[in-house]
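Some notes on the structure that comes next.
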Amino acid sequence: MISVIIPCFNVEKYVTKCLDSVLSQTIGISELEIILIDDASTDGTLQLLYQYEKKYPKNIVLIPFEENQRQGTARNVGMLYATGDYISFVDSDDWIEADMYEKLLAAMEQEDYDYVACRGFRNYENGSQAIIERKEPAGVYVNIPSVVEGGEWFEAGINGGVYLRLYKKSFLMDNDLRFAERLLYEDNYFVSIASLYTRKIKLIDDCLYHYRENNVSTTMGRNNYSQFDRLTIEEMKLEKYKLLGIFDRFHDMIEKEFFRLFYFNTLYIMAVRFDIPPYEVYLRMRSTVLKWFPDYKTDSRLISCDNSLYEVLLGLLDMQMDEHKFRAIMSKYASMSR
């Protein structure tokens with residue numbers, strides 16, 4: 001059986017399409033356990049979920065939260081309730097192809113995989129769609145022993161959201177894999193930490209998931225400081241790497257990943273999504289970078305990056321910029337990015 005975990009928050013407009021796509025799976029509803037977590041919605045979402053639970057009492061479990069705790073907490077609670085051998089995560093404003101679980105389960109049962117992953121579409125408000133990019137081609141990827149068992153750094157399958165995957169429940173439970181709670185970008189933490197325990201995965205080329213690009217979402221909105229949860233997430237990853245004893249062993253790879261996600265990507269967000277880029281956040285970023293990677297200028301993997309803009313942005317760390325100069329640089333960056 002597959003346990004499908006669906007966090008829901010103020011998705012009255014979309015959740016019906018999402019749930020109907022899950023309930024109509026060719027694998028059959030008897031093979032599905034659908035766990036709905038209402039994250040203290042303030043619209044009509046909870047009432048809709050109650051209707052589905054009443055209609056499918058043997059297959060749907062509804063868990064209503066009294067206060068909003070975000071997707072990470074909702075997914076963690078969903079995993080505690082899951083009784084299936086496999087676990088899948090679906091976002092409540094998305095939908096899936098009718099044969100998604102039939103194909104993923106068929107691939108999963110071929111061998112002892114930690115997870116199998118498909119491809120998907122980004123669906124835009126104008127009705128167009130584009131295939132979600134993936135670095136690796138379809139195939140089986142093996143890393144035995146895993147990183148935490150002394151194996152090599154494993155990046156296969158690290159890109160792409162958890163919604164594209166069917167996980168073996170025992171893989172998640174045995175390794176105590178959990179999402180970061182009450183933070184955005186919880187996927188970034190979960191996927192990176194899960195890769196440390198991964199031993200064998202399979203990637204298939206079928207596009208089976210539809211990810212709705214919502215221009216008014218929190219992560220796409222303007223002037224929203226919650227977007228800087230990404231900084232906390234990346235620091236949490238570094239702490240985990242230290243705890244697991246792999247920080248020094250894979251220092252250069254971890255450093256390169258950290259600079260991309262913590263520094264470069266966040267500067268881009270500050271430039272293009274903020275009317276007044278917050279100087280105090282930049283100071284926090286600079287302090288954190290220098291704390292964890294004081295010798296970053298000596299890392300050839302980092303300073304020899306292909307992106308010339310990144311080299312310019314690295315140079316900012318050596319500058320004692322006041323607020324006026326910082327915002328002038330961010331304004332120029334924004335104009336270059338349009």
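Each chain in the structure tokens gets a letter, A, B and so on, in the order shown; residues start at 1 in every chain, and ligands are counted from 1 in the order they appear.
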
**Message:** I need the helix (DSSP H, G or I) residues of stretch 8-144 of chain A per DSSP on the backbone, written as a PyMOL selection string.
**Reply:** chain A and resi 15-23+29-31+45-55+70-81+100-108

**Item:** strand (DSSP E) residues, from DSSP on the backbone, in stretch 9-59 of chain A, as JSON, numbers by chain
**Value:** {"A": [32, 33, 34, 35, 36, 37, 38]}

Check which residues of stretch 154-269 of chain A sit at most 10 Å from stretch 96-101 of chain A using only C-alpha atoms, and return one row each with the closest pair of atoms and their distance in Å to one decimal, ordered by chain and rising number, as CSV.
residue,atom,partner,partner_atom,distance
A:Tyr163,CA,A:Ile96,CA,9.8
A:Leu164,CA,A:Met100,CA,9.6
A:Arg165,CA,A:Tyr101,CA,9.8
A:Leu166,CA,A:Tyr101,CA,8.1
A:Asp206,CA,A:Met100,CA,8.7
A:Cys207,CA,A:Glu97,CA,8.2
A:Leu208,CA,A:Glu97,CA,5.0
A:Tyr209,CA,A:Ile96,CA,4.5
A:His210,CA,A:Ile96,CA,5.7
A:Tyr211,CA,A:Ile96,CA,8.7

Give me the residues within 10 Å of A:Phe228 as a compact mmCIF listing (two decimals) with N, CA and C atoms, in the first residue's frame, counting only C-alpha atoms and dropping any in the same chain fewer than 4 places off.
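Result file selection29.txt:
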# COMPACT_ATOMS: atom_id res chain seq x y z
N LEU A 183 9.29 26.18 8.77
CA LEU A 183 10.16 26.94 7.88
C LEU A 183 9.79 26.66 6.43
N LEU A 184 9.99 27.65 5.56
CA LEU A 184 9.90 27.42 4.13
C LEU A 184 11.17 26.71 3.67
N TYR A 185 11.17 26.21 2.45
CA TYR A 185 12.32 25.52 1.86
C TYR A 185 12.67 24.25 2.63
N THR A 219 6.89 31.88 -1.63
CA THR A 219 8.26 31.89 -2.11
C THR A 219 8.43 32.74 -3.37
N ASN A 224 8.76 39.56 1.17
CA ASN A 224 8.36 38.61 2.20
C ASN A 224 9.61 38.05 2.88
N THR A 232 18.30 29.78 7.23
CA THR A 232 18.26 28.89 8.39
C THR A 232 18.38 27.44 7.96
N ILE A 233 17.70 27.10 6.87
CA ILE A 233 17.75 25.73 6.34
C ILE A 233 19.19 25.34 6.01
N PHE A 262 22.87 29.26 -0.16
CA PHE A 262 22.81 30.25 0.91
C PHE A 262 23.13 31.65 0.41
N THR A 266 20.29 33.52 -2.65
CA THR A 266 19.61 34.48 -1.78
C THR A 266 19.86 35.91 -2.23
N ILE A 269 17.39 36.59 -4.91
CA ILE A 269 16.05 36.85 -4.36
C ILE A 269 15.97 38.27 -3.80
N MET A 270 17.00 38.68 -3.08
CA MET A 270 17.01 40.03 -2.51
C MET A 270 16.95 41.09 -3.61
N VAL A 281 19.98 41.63 6.45
CA VAL A 281 20.04 40.22 6.06
C VAL A 281 21.37 39.93 5.39

**Request:** Pick out the residues sitting within 10 Å of stretch 243-255 of chain A, and hand them over as number ranges by chain; count only C-alpha atoms, and ignore anything fewer than 3 positions along from it in its own chain.
**Result:** A: 147-148, 150, 152-153, 196, 237-240, 258-260, 289, 292-293, 296, 299-302

**Request:** Fewer than 2 positions away in the same chain doesn't count, so skip those; otherwise give me all residues within 8 Å of stretch 312-318 of chain A, counting only C-alpha atoms, as a ChimeraX atom specification.
**Result:** /A:264,286,308-310,320

Export of prior selection with C-alpha atoms as a PDB file, in the first residue's frame:
ATOM      1  CA  PHE A 264      24.232  33.325  -4.543  1.00  0.00           C
ATOM      2  CA  ARG A 286      28.295  37.690   5.296  1.00  0.00           C
ATOM      3  CA  SER A 308      31.361  35.252 -14.005  1.00  0.00           C
ATOM      4  CA  LEU A 309      28.588  36.987 -12.078  1.00  0.00           C
ATOM      5  CA  TYR A 310      29.196  34.625  -9.165  1.00  0.00           C
ATOM      6  CA  GLN A 320      33.025  46.863   3.726  1.00  0.00           C
TER       7      GLN A 320
END

**Request:** Give the answer as one residue: which of A:Glu186, A:Asp229, A:Asp93, A:Glu155 has the shortest atom-to-atom distance to A:Asn214, using only C-alpha atoms?
**Result:** A:Asp93

**Selected residue of minimal separation from A:Leu46 among A:Phe9, A:Tyr189, A:Tyr124, A:Tyr14, counting only C-alpha atoms** =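 Ranked by minimum distance to A:Leu46, first place goes to A:Phe9.
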
**Asked** Pick from A:Ser3, A:Glu33, A:Ala334, A:Thr198: nearest to A:Phe154, with only C-alpha atoms counted?
**Response**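 Smallest distance to A:Phe154 is found for A:Thr198.
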
Show me, as JSON lines, the residues of stretch 171-209 of chain A having an atom within 8 Å of stretch 107-117 of chain A, each with the closest atom pair and its distance in Å, using only C-alpha atoms.
{"residue": "A:Phe171", "atom": "CA", "partner": "A:Asp114", "partner_atom": "CA", "distance": 5.9}
{"residue": "A:Thr198", "atom": "CA", "partner": "A:Asp114", "partner_atom": "CA", "distance": 6.5}
{"residue": "A:Arg199", "atom": "CA", "partner": "A:Asp114", "partner_atom": "CA", "distance": 6.9}
{"residue": "A:Lys200", "atom": "CA", "partner": "A:Tyr113", "partner_atom": "CA", "distance": 5.2}
{"residue": "A:Ile201", "atom": "CA", "partner": "A:Tyr113", "partner_atom": "CA", "distance": 5.1}
{"residue": "A:Lys202", "atom": "CA", "partner": "A:Val116", "partner_atom": "CA", "distance": 4.7}
{"residue": "A:Leu203", "atom": "CA", "partner": "A:Ala117", "partner_atom": "CA", "distance": 4.9}
{"residue": "A:Ile204", "atom": "CA", "partner": "A:Ala117", "partner_atom": "CA", "distance": 6.2}

Selection export as a PDB file, in the first residue's frame, atoms kept: N, CA and C atoms:
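Listing of part_4.pdb after writing:
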ATOM      1  N   PHE A 171      13.012   3.119   4.608  1.00  0.00           N
ATOM      2  CA  PHE A 171      14.174   3.983   4.361  1.00  0.00           C
ATOM      3  C   PHE A 171      14.036   5.281   5.146  1.00  0.00           C
ATOM      4  N   THR A 198      21.211   7.524   1.120  1.00  0.00           N
ATOM      5  CA  THR A 198      20.764   6.821  -0.072  1.00  0.00           C
ATOM      6  C   THR A 198      21.814   5.824  -0.565  1.00  0.00           C
ATOM      7  N   ARG A 199      21.341   4.605  -0.884  1.00  0.00           N
ATOM      8  CA  ARG A 199      22.234   3.566  -1.387  1.00  0.00           C
ATOM      9  C   ARG A 199      21.892   3.162  -2.824  1.00  0.00           C
ATOM     10  N   LYS A 200      20.604   3.170  -3.147  1.00  0.00           N
ATOM     11  CA  LYS A 200      20.207   2.797  -4.507  1.00  0.00           C
ATOM     12  C   LYS A 200      18.869   3.464  -4.846  1.00  0.00           C
ATOM     13  N   ILE A 201      18.844   4.142  -6.004  1.00  0.00           N
ATOM     14  CA  ILE A 201      17.612   4.788  -6.465  1.00  0.00           C
ATOM     15  C   ILE A 201      17.413   4.482  -7.949  1.00  0.00           C
ATOM     16  N   LYS A 202      16.185   4.710  -8.393  1.00  0.00           N
ATOM     17  CA  LYS A 202      15.893   4.576  -9.816  1.00  0.00           C
ATOM     18  C   LYS A 202      15.147   5.812 -10.286  1.00  0.00           C
ATOM     19  N   LEU A 203      15.596   6.367 -11.417  1.00  0.00           N
ATOM     20  CA  LEU A 203      14.955   7.518 -12.029  1.00  0.00           C
ATOM     21  C   LEU A 203      14.332   7.083 -13.346  1.00  0.00           C
ATOM     22  N   ILE A 204      13.057   7.429 -13.547  1.00  0.00           N
ATOM     23  CA  ILE A 204      12.386   7.101 -14.800  1.00  0.00           C
ATOM     24  C   ILE A 204      12.047   8.395 -15.530  1.00  0.00           C
TER      25      ILE A 204
END

**Message:** Rounded to one decimal, what separation in Å do you get between atom CA of A:Glu125 and atom CA of A:Asp94?
**Reply:** 12.4 Å
